[in-house]
>>> print(open('target.txt').read())   # compact mmCIF, C-alpha atoms
# COMPACT_ATOMS: atom_id res chain seq x y z
CA MET A 3 16.40 -34.12 8.37
CA LEU A 4 13.55 -31.73 9.05
CA LYS A 5 13.71 -30.07 12.43
CA LEU A 6 10.88 -27.92 13.78
CA ILE A 7 10.86 -25.87 16.98
CA SER A 8 7.50 -25.48 18.71
CA LYS A 9 6.16 -21.96 18.50
CA THR A 10 4.68 -22.37 21.95
CA LEU A 11 8.10 -22.20 23.62
CA SER A 12 10.56 -19.39 23.43
CA ALA A 13 14.11 -20.13 22.33
CA VAL A 14 15.38 -19.27 25.81
CA ALA A 15 12.93 -21.62 27.51
CA LEU A 16 13.73 -24.40 25.05
CA ALA A 17 17.46 -24.00 25.61
CA ALA A 18 16.94 -24.20 29.37
CA LEU A 19 14.90 -27.38 29.02
CA ALA A 20 17.49 -28.94 26.73
CA SER A 21 20.28 -28.04 29.12
CA SER A 22 18.52 -29.64 32.07
CA ALA A 23 17.73 -32.76 30.06
CA LEU A 24 21.19 -33.18 28.59
CA ALA A 25 22.79 -32.73 31.98
CA GLU A 26 21.30 -36.08 32.96
CA LYS A 27 22.80 -37.92 29.96
CA GLY A 28 26.11 -39.76 29.95
CA GLU A 29 26.49 -43.17 31.52
CA PRO A 30 24.85 -45.59 30.88
CA TRP A 31 24.04 -44.10 27.45
CA LEU A 32 26.07 -45.22 24.43
CA THR A 33 26.31 -43.51 21.05
CA ASP A 34 27.69 -46.39 18.96
CA MET A 35 25.40 -49.17 17.75
CA ASP A 36 28.26 -51.62 17.14
CA GLU A 37 29.29 -51.29 20.76
CA ALA A 38 25.64 -51.56 21.85
CA GLN A 39 25.21 -54.84 19.99
CA LYS A 40 28.32 -56.29 21.63
CA VAL A 41 27.08 -55.32 25.08
CA ALA A 42 23.56 -56.60 24.37
CA LYS A 43 24.90 -59.98 23.25
CA ALA A 44 27.24 -60.27 26.20
CA GLU A 45 24.61 -59.30 28.77
CA GLY A 46 21.49 -60.80 27.18
CA LYS A 47 19.69 -57.47 26.81
CA ASP A 48 17.60 -55.66 24.21
CA ILE A 49 18.69 -52.34 22.68
CA PHE A 50 16.79 -49.10 23.38
CA MET A 51 17.42 -46.74 20.45
CA PHE A 52 16.46 -43.13 21.20
CA PHE A 53 16.11 -41.00 18.06
CA THR A 54 16.07 -37.45 19.37
CA GLY A 55 16.69 -33.79 18.59
CA SER A 56 18.38 -32.70 21.78
CA ASP A 57 18.32 -28.93 21.24
CA TRP A 58 15.06 -28.44 19.33
CA CYS A 59 12.55 -31.25 19.94
CA VAL A 60 10.24 -30.31 22.81
CA TRP A 61 8.74 -33.78 23.19
CA CYS A 62 12.19 -35.40 23.17
CA ILE A 63 13.25 -33.13 26.00
CA ARG A 64 10.07 -33.89 27.91
CA LEU A 65 10.68 -37.62 27.51
CA GLU A 66 14.20 -37.17 28.88
CA ASN A 67 13.06 -35.06 31.82
CA GLU A 68 9.99 -37.12 32.70
CA VAL A 69 11.28 -40.65 32.03
CA LEU A 70 14.80 -41.27 30.77
CA SER A 71 16.57 -39.45 33.59
CA LYS A 72 14.44 -41.03 36.35
CA LYS A 73 15.52 -43.79 38.71
CA GLU A 74 12.60 -46.08 37.81
CA PHE A 75 13.59 -46.11 34.17
CA LEU A 76 17.35 -46.35 34.78
CA ASP A 77 16.87 -49.25 37.22
CA TYR A 78 14.82 -51.14 34.62
CA ALA A 79 17.33 -50.34 31.90
CA GLU A 80 20.24 -51.57 33.99
CA GLU A 81 18.70 -55.05 34.04
CA ASN A 82 17.08 -55.17 30.61
CA LEU A 83 18.31 -52.58 28.11
CA VAL A 84 21.36 -51.17 26.39
CA LEU A 85 20.64 -47.46 25.94
CA VAL A 86 21.73 -45.73 22.72
CA ASP A 87 21.41 -42.00 22.06
CA LEU A 88 20.95 -41.19 18.35
CA ASP A 89 20.87 -37.41 18.28
CA PHE A 90 19.94 -35.09 15.39
CA PRO A 91 20.53 -31.64 16.91
CA GLN A 92 19.81 -28.40 15.15
CA SER A 93 23.27 -27.15 16.12
CA GLU A 94 25.49 -29.49 14.15
CA ASP A 95 28.54 -28.87 16.33
CA ILE A 96 26.90 -30.71 19.23
CA ILE A 97 28.03 -34.02 17.72
CA SER A 98 30.95 -34.91 15.46
CA GLU A 99 30.74 -35.46 11.72
CA GLU A 100 31.42 -39.15 12.29
CA GLN A 101 28.54 -39.31 14.75
CA TRP A 102 26.23 -37.61 12.23
CA GLU A 103 27.13 -40.28 9.65
CA HIS A 104 26.57 -43.05 12.19
CA ASN A 105 23.19 -41.68 13.30
CA ASP A 106 22.07 -41.12 9.70
CA LYS A 107 22.89 -44.73 8.91
CA TRP A 108 20.54 -46.00 11.61
CA ALA A 109 17.86 -43.45 10.81
CA GLU A 110 17.95 -44.70 7.22
CA LYS A 111 17.38 -48.23 8.45
CA PHE A 112 14.50 -47.50 10.84
CA LYS A 113 13.11 -44.36 9.18
CA PRO A 114 11.68 -42.50 12.19
CA LYS A 115 8.73 -40.41 11.04
CA GLY A 116 8.87 -38.04 13.99
CA TYR A 117 10.83 -37.24 17.10
CA PRO A 118 11.22 -38.68 19.59
CA THR A 119 11.14 -42.20 18.19
CA VAL A 120 12.16 -45.15 20.33
CA ILE A 121 13.06 -48.43 18.66
CA LEU A 122 13.42 -51.59 20.71
CA ALA A 123 15.73 -54.07 18.99
CA ASP A 124 17.33 -57.39 19.80
CA ALA A 125 21.07 -57.84 20.18
CA ASN A 126 21.45 -58.11 16.39
CA ALA A 127 19.74 -54.73 15.94
CA ASN A 128 16.56 -56.29 14.54
CA GLY A 129 13.80 -53.91 15.59
CA PHE A 130 10.72 -55.49 17.16
CA ALA A 131 8.82 -52.51 18.60
CA LYS A 132 8.45 -48.77 18.06
CA THR A 133 7.17 -46.12 20.44
CA GLY A 134 7.85 -42.51 21.46
CA TYR A 135 6.74 -39.96 24.03
CA ARG A 136 3.98 -41.07 26.39
CA GLU A 137 2.43 -39.24 29.30
CA GLY A 138 2.43 -40.66 32.82
CA GLY A 139 6.02 -40.60 33.97
CA ALA A 140 8.73 -43.22 34.36
CA GLU A 141 6.77 -45.94 36.13
CA LYS A 142 4.08 -46.07 33.46
CA TYR A 143 6.70 -45.88 30.71
CA VAL A 144 8.52 -48.89 32.14
CA ALA A 145 5.24 -50.81 32.21
CA HIS A 146 4.73 -49.86 28.56
CA LEU A 147 8.21 -51.14 27.66
CA GLN A 148 7.46 -54.40 29.46
CA GLU A 149 4.29 -54.78 27.37
CA LEU A 150 6.27 -54.19 24.18
CA LYS A 151 8.82 -56.81 25.21
CA ALA A 152 6.04 -59.29 25.97
CA GLY A 153 4.58 -58.46 22.56
CA LYS A 154 7.85 -59.60 20.97
CA ASP A 155 7.31 -63.14 22.29
CA LYS A 156 3.59 -63.04 21.51
CA PHE A 157 4.32 -61.99 17.93
CA ALA A 158 6.67 -64.94 17.45
CA THR A 159 4.00 -67.34 18.75
CA LEU A 160 1.29 -65.90 16.51
CA GLU A 161 3.61 -65.95 13.50
CA LYS A 162 4.32 -69.64 14.09
CA GLU A 163 0.62 -70.49 14.44
CA ALA A 164 -0.32 -68.46 11.36
CA ALA A 165 2.23 -70.35 9.27
CA THR A 166 0.15 -73.55 9.56
CA ALA A 167 -3.34 -71.97 9.63
CA SER A 168 -5.63 -71.21 6.69
CA GLY A 169 -8.79 -69.31 5.83
CA LEU A 170 -10.48 -67.24 8.51
CA ASP A 171 -8.34 -68.77 11.25
CA ARG A 172 -5.20 -67.45 9.56
CA ALA A 173 -6.85 -64.05 9.03
CA LYS A 174 -7.60 -63.76 12.74
CA LEU A 175 -4.05 -64.69 13.71
CA LEU A 176 -2.60 -62.16 11.27
CA ALA A 177 -4.96 -59.53 12.68
CA GLN A 178 -3.69 -60.24 16.19
CA MET A 179 -0.14 -59.76 14.95
CA LEU A 180 -1.02 -56.37 13.46
CA ASP A 181 -2.90 -55.35 16.60
CA LEU A 182 0.09 -55.86 18.90
CA GLU A 183 1.02 -52.40 20.17
CA GLY A 184 4.22 -51.04 18.69
CA ALA A 185 4.98 -54.21 16.71
CA MET A 186 7.32 -53.59 13.77
CA ILE A 187 6.27 -55.45 10.62
CA GLU A 188 8.33 -55.06 7.46
CA ASP A 189 5.38 -54.98 5.04
CA PRO A 190 2.15 -54.60 7.05
CA MET A 191 -0.03 -53.79 4.03
CA THR A 192 0.66 -57.23 2.58
CA LEU A 193 -0.84 -58.72 5.74
CA VAL A 194 -3.73 -56.23 5.61
CA LYS A 195 -4.59 -57.32 2.06
CA GLU A 196 -4.40 -60.99 2.99
CA ILE A 197 -6.69 -60.48 5.99
CA ALA A 198 -9.21 -58.63 3.81
CA ASP A 199 -9.11 -61.38 1.18
CA LEU A 200 -9.45 -64.21 3.70
CA SER A 201 -12.24 -62.55 5.72
CA LYS A 202 -14.39 -61.40 2.78
CA GLY A 203 -17.78 -63.08 3.07
CA GLN A 204 -16.62 -64.83 6.26
CA ASP A 205 -16.32 -62.11 8.92
CA GLU A 206 -17.93 -58.76 8.09
CA GLU A 207 -16.33 -56.85 11.00
CA LEU A 208 -12.84 -58.07 10.17
CA TYR A 209 -13.33 -57.47 6.45
CA SER A 210 -14.65 -53.94 7.00
CA LYS A 211 -11.71 -52.97 9.18
CA TYR A 212 -8.99 -54.21 6.86
CA SER A 213 -10.63 -53.33 3.56
CA ASN A 214 -10.87 -49.78 4.93
CA MET A 215 -7.13 -49.85 5.59
CA LEU A 216 -6.56 -50.80 1.97
CA ALA A 217 -8.86 -48.03 0.81
CA ASN A 218 -6.94 -45.54 2.95
CA GLN A 219 -3.72 -46.67 1.28
CA GLU A 220 -5.36 -46.18 -2.12
CA LEU A 221 -6.53 -42.73 -1.07
CA GLY A 222 -3.00 -41.86 0.03
CA GLY A 223 -1.69 -42.74 -3.41
CA LYS A 224 -4.28 -40.54 -5.13
CA MET A 225 -3.47 -37.68 -2.77
CA ASN A 226 0.21 -37.97 -3.66
CA GLN A 227 -0.67 -37.77 -7.35
CA LEU A 228 -2.88 -34.72 -6.84
CA PHE A 229 -0.62 -32.70 -4.58
CA GLY A 230 2.65 -33.84 -6.09
CA GLY A 231 1.68 -32.79 -9.59
CA ASN A 232 1.50 -29.47 -11.41
CA ALA A 233 -2.18 -28.74 -10.83
CA SER A 234 -3.13 -25.16 -9.99
CA LYS A 235 -4.21 -24.30 -6.47
CA GLU A 236 -7.83 -24.09 -7.64
CA GLU A 237 -7.57 -27.55 -9.25
CA LYS A 238 -6.01 -28.94 -6.08
CA LEU A 239 -8.89 -27.68 -3.95
CA THR A 240 -11.46 -29.07 -6.38
CA GLY A 241 -9.59 -32.38 -6.60
CA ALA A 242 -9.29 -32.65 -2.82
CA LEU A 243 -13.02 -32.11 -2.35
CA GLU A 244 -13.77 -34.72 -5.03
CA LEU A 245 -11.49 -37.20 -3.28
CA PHE A 246 -13.27 -36.54 -0.01
CA ASP A 247 -16.65 -37.24 -1.61
CA SER A 248 -15.29 -40.49 -3.04
CA TYR A 249 -13.73 -41.73 0.20
CA LYS A 250 -15.82 -40.20 2.98
CA HIS A 251 -17.50 -43.58 3.48
CA LEU A 252 -14.29 -44.67 5.25
CA LYS A 253 -15.14 -42.43 8.23
CA ASP A 254 -11.65 -42.90 9.71
CA GLY A 255 -8.04 -43.59 8.83
CA ARG A 256 -4.74 -41.76 8.53
CA ALA A 257 -5.14 -40.91 4.85
CA LEU A 258 -8.62 -39.47 5.38
CA GLN A 259 -7.22 -37.44 8.29
CA GLN A 260 -4.45 -36.09 6.05
CA LEU A 261 -6.98 -35.26 3.34
CA VAL A 262 -8.99 -33.15 5.78
CA ALA A 263 -5.83 -31.21 6.63
CA MET A 264 -5.04 -30.72 2.95
CA ILE A 265 -8.56 -29.48 2.26
CA GLY A 266 -8.06 -26.95 5.03
CA ASP A 267 -4.73 -25.83 3.59
CA GLN A 268 -6.23 -25.49 0.11
CA HIS A 269 -9.08 -23.33 1.37
CA ILE A 270 -6.48 -21.08 2.99
CA GLY A 271 -4.33 -21.01 -0.15
CA ASN A 272 -7.34 -20.13 -2.31
CA GLY A 273 -8.55 -17.42 0.07
CA LYS A 274 -11.86 -19.22 0.61
CA THR A 275 -12.22 -18.62 4.33
CA ALA A 276 -16.01 -18.82 4.66
CA GLU A 277 -16.26 -21.93 2.49
CA GLY A 278 -13.47 -23.66 4.40
CA VAL A 279 -14.95 -22.91 7.81
CA ALA A 280 -18.37 -24.11 6.62
CA PHE A 281 -16.91 -27.38 5.28
CA MET A 282 -15.09 -28.05 8.55
CA GLU A 283 -18.14 -27.12 10.63
CA THR A 284 -20.30 -29.62 8.76
CA LEU A 285 -17.70 -32.35 9.14
CA LYS A 286 -17.17 -31.59 12.83
CA ASN A 287 -20.91 -32.05 13.48
CA ASP A 288 -21.23 -35.32 11.53
CA GLU A 289 -21.05 -37.97 14.25
CA SER A 290 -20.74 -40.78 11.70
CA PHE A 291 -17.05 -39.85 11.42
CA ALA A 292 -14.43 -40.94 13.94
CA LEU A 293 -13.61 -38.51 16.73
CA SER A 294 -10.10 -37.96 15.34
CA ILE A 295 -11.55 -36.74 12.01
CA ARG A 296 -14.15 -34.54 13.69
CA GLN A 297 -11.62 -33.02 16.09
CA ASP A 298 -9.21 -32.23 13.26
CA SER A 299 -12.01 -30.47 11.38
CA ALA A 300 -12.89 -28.54 14.55
CA LEU A 301 -9.31 -27.31 14.79
CA PHE A 302 -9.15 -26.34 11.12
CA ARG A 303 -12.13 -24.00 11.54
CA GLY A 304 -9.87 -21.86 13.70
CA ILE A 305 -6.78 -22.26 11.53
CA ILE A 306 -8.66 -21.29 8.36
CA MET A 307 -10.31 -18.30 10.01
CA ALA A 308 -7.04 -17.16 11.62
CA ASN A 309 -5.40 -17.13 8.18
CA GLY A 310 -8.23 -15.21 6.52
CA GLU A 311 -8.52 -11.49 5.94
CA ASN A 312 -9.42 -9.52 9.08
CA PRO A 313 -9.97 -12.64 11.24
CA ASP A 314 -12.33 -12.65 14.21
CA LEU A 315 -9.76 -13.72 16.78
CA GLU A 316 -12.32 -14.16 19.56
CA GLN A 317 -14.17 -16.66 17.38
CA VAL A 318 -10.85 -18.36 16.57
CA LYS A 319 -10.23 -18.78 20.30
CA LYS A 320 -13.69 -20.33 20.71
CA TYR A 321 -12.95 -22.79 17.92
CA TYR A 322 -9.66 -23.78 19.56
CA GLN A 323 -11.34 -24.23 22.93
CA GLU A 324 -14.10 -26.37 21.41
CA THR A 325 -11.38 -28.51 19.83
CA ILE A 326 -9.66 -28.98 23.18
CA ASP A 327 -12.93 -29.90 24.88
CA MET A 328 -13.54 -32.74 22.40
CA ASP A 329 -10.42 -34.59 23.62
CA PRO A 330 -7.79 -32.57 25.52
CA LYS A 331 -5.29 -35.44 25.68
CA SER A 332 -5.16 -36.16 21.95
CA GLN A 333 -2.40 -34.77 19.76
CA THR A 334 -4.93 -32.48 18.09
CA GLY A 335 -6.25 -31.32 21.46
CA GLN A 336 -2.73 -30.51 22.63
CA ARG A 337 -2.00 -28.70 19.37
CA ALA A 338 -5.13 -26.60 19.83
CA ALA A 339 -4.09 -25.81 23.40
CA GLY A 340 -0.73 -24.55 22.18
CA MET A 341 -2.37 -22.39 19.51
CA LEU A 342 -4.87 -20.99 22.01
CA GLN A 343 -2.11 -20.14 24.46
CA GLU A 344 -0.09 -18.44 21.74
CA LEU A 345 -3.11 -16.40 20.68
CA GLN A 346 -3.91 -15.39 24.26
CA ASN A 347 -0.34 -14.22 24.80
CA LYS A 348 -0.49 -11.75 21.90
>>> encode(input="target.txt", output="structure tokens")
Amino acid sequence: MLKLISKTLSAVALAALASSALAEKGEPWLTDMDEAQKVAKAEGKDIFMFFTGSDWCVWCIRLENEVLSKKEFLDYAEENLVLVDLDFPQSEDIISEEQWEHNDKWAEKFKPKGYPTVILADANANGFAKTGYREGGAEKYVAHLQELKAGKDKFATLEKEAATASGLDRAKLLAQMLDLEGAMIEDPMTLVKEIADLSKGQDEELYSKYSNMLANQELGGKMNQLFGGNASKEEKLTGALELFDSYKHLKDGRALQQLVAMIGDQHIGNGKTAEGVAFMETLKNDESFALSIRQDSALFRGIIMANGENPDLEQVKKYYQETIDMDPKSQTGQRAAGMLQELQNK
């Protein structure tokens, strides 16, 4: 599994954080899912699966220090959760070979896309909610877990109602299921397509939202073809810009966000610094796009310039600060803050 260490922390500082976090682990944490299921069944609890990288993942360590080691969380867990630590450390001797195999098995089942990932599952290890690091400390995190647990019951109710509904009524119920925070759905795009089909010509707002999701999925497939093939770097840049022109009407979505990042990377790879900064500047100023898209483009102005020949580092710093000011709490805002701090420390 891919493991990245944040450049904003030194190895010494990271090791100290990991040490302080790991010192809090032990009871009541388990490391075996078979045992966890037995305990969950016997005590009528859900399972809290913590996919972590104990000696390299900054946000995992922060979650441990800010939440998982705190009394508020542990008191809630004692009554409601069986805690399972599924570690993927950079230093492989931290856990045994058998433990690696065990953890890989469960990672294969739930496929965490990043770390930390928290899966809430019932006593039979059927996942019903997914979450990760959240700011605010233990008390707010417990409230979040309570919402996810309530969502489990709400999902079951909606699923039952949707089974007997039809037309726009069914579309609205399916949409509520998809909107439940953290809900784990085996094939969400099947529901997205059904909602779009059922709402077409019946509910323009609902149709627009879910047809855009389908278009983002389509865009993702075309991006995979473009960047997974043997095209030259010049062809990839041209193809990425053509894709953007074809799908910019979406204004938002994960695939469009990824495309913006790829366009930035391709400008860097082709040595087209001025063109790349200009593209991102135009996109950043176009308020018809979602804030997430505009903030990403704001950040990429700085990244592209920083990777160009003889970069104006003072201008790069200004670009990073402008990115932060757009939304300091977003992932992009925090990434920009880390880059700005790193640049200021040089």
>>> closest_residue(input="target.txt", among="A:Ile306, A:Leu342, A:Ala167, A:Ala242", to="Lys320 of chain A", atoms="all atoms listed in the file")
A:Leu342
>>> closest_residue(input="target.txt", among="A:Gln260, A:Thr325, A:Gln343, A:Gln101", to="Asn218 of chain A", atoms="only C-alpha atoms")
A:Gln260
>>> axis_aligned_box(input="target.txt", around="segment 315-329 of chain A", padding_each_side="8 Å", output="lines of an AutoDock Vina configuration file")
center_x = -11.9
center_y = -24.2
center_z = 20.7
size_x = 20.5
size_y = 36.9
size_z = 24.3
>>> closest_atom_pairs(input="target.txt", of="segment 43-75 of chain A", to="segment 145-165 of chain A", cutoff="10 Å", atoms="all atoms listed in the file", output="CSV")
residue,atom,partner,partner_atom,distance
A:Asp48,CA,A:Lys151,CA,8.9
A:Phe50,CA,A:Leu147,CA,9.8
A:Phe75,CA,A:Ala145,CA,9.8
>>> residues_around(input="target.txt", residues="Asn105 of chain A", least_positions_apart="6", cutoff="12 Å", atoms="all atoms listed in the file", output="list in words")
Met3, Thr33, Asp34, Met35, Asp36, Met51, Phe52, Phe53, Thr54, Gly55, Val86, Asp87, Leu88, Asp89, Phe90, Pro91, Ile97, Ser98, Glu99, Lys111, Phe112, Lys113 and Pro114 of chain A
>>> residues_around(input="target.txt", residues="Leu228 of chain A", least_positions_apart="4", cutoff="10 Å", atoms="only C-alpha atoms", output="VMD selection string")
chain A and resid 222 to 224 232 to 233 237 to 239 241 to 242 245
>>> atom_distance(input="target.txt", atom1="atom CA of Ala140 of chain A", atom2="atom CA of Glu183 of chain A")
18.6 Å
>>> residues_around(input="target.txt", residues="Ile305 of chain A", least_positions_apart="2", cutoff="10 Å", atoms="all atoms listed in the file", output="list in words")
Gly266, Asp267, Ile270, Thr275, Gly278, Val279, Ser299, Ala300, Leu301, Phe302, Arg303, Met307, Ala308, Asn309, Gly310, Val318, Tyr321, Tyr322, Ala338 and Met341 of chain A
>>> atom_distance(input="target.txt", atom1="atom CA of Thr240 of chain A", atom2="atom CA of Gln297 of chain A")
22.8 Å
>>> residues_around(input="target.txt", residues="Ile197 of chain A", least_positions_apart="4", cutoff="12 Å", atoms="all atoms listed in the file", output="PyMOL selection string")
chain A and resi 164+168-180+190-193+201-216
>>> atom_distance(input="target.txt", atom1="atom CA of Tyr249 of chain A", atom2="atom CA of Arg337 of chain A")
26.0 Å
>>> residues_around(input="target.txt", residues="Lys72 of chain A", least_positions_apart="2", cutoff="12 Å", atoms="all atoms listed in the file", output="PDB file with C-alpha atoms, in the coordinates of the input")
ATOM      1  CA  ALA A  23      17.730 -32.760  30.060  1.00  0.00           C
ATOM      2  CA  GLU A  26      21.300 -36.080  32.960  1.00  0.00           C
ATOM      3  CA  LYS A  27      22.800 -37.920  29.960  1.00  0.00           C
ATOM      4  CA  ARG A  64      10.070 -33.890  27.910  1.00  0.00           C
ATOM      5  CA  LEU A  65      10.680 -37.620  27.510  1.00  0.00           C
ATOM      6  CA  GLU A  66      14.200 -37.170  28.880  1.00  0.00           C
ATOM      7  CA  ASN A  67      13.060 -35.060  31.820  1.00  0.00           C
ATOM      8  CA  GLU A  68       9.990 -37.120  32.700  1.00  0.00           C
ATOM      9  CA  VAL A  69      11.280 -40.650  32.030  1.00  0.00           C
ATOM     10  CA  LEU A  70      14.800 -41.270  30.770  1.00  0.00           C
ATOM     11  CA  GLU A  74      12.600 -46.080  37.810  1.00  0.00           C
ATOM     12  CA  PHE A  75      13.590 -46.110  34.170  1.00  0.00           C
ATOM     13  CA  LEU A  76      17.350 -46.350  34.780  1.00  0.00           C
ATOM     14  CA  ASP A  77      16.870 -49.250  37.220  1.00  0.00           C
ATOM     15  CA  TYR A  78      14.820 -51.140  34.620  1.00  0.00           C
ATOM     16  CA  ALA A  79      17.330 -50.340  31.900  1.00  0.00           C
ATOM     17  CA  GLY A 139       6.020 -40.600  33.970  1.00  0.00           C
ATOM     18  CA  ALA A 140       8.730 -43.220  34.360  1.00  0.00           C
ATOM     19  CA  GLU A 141       6.770 -45.940  36.130  1.00  0.00           C
ATOM     20  CA  LYS A 142       4.080 -46.070  33.460  1.00  0.00           C
ATOM     21  CA  TYR A 143       6.700 -45.880  30.710  1.00  0.00           C
ATOM     22  CA  VAL A 144       8.520 -48.890  32.140  1.00  0.00           C
TER      23      VAL A 144
END
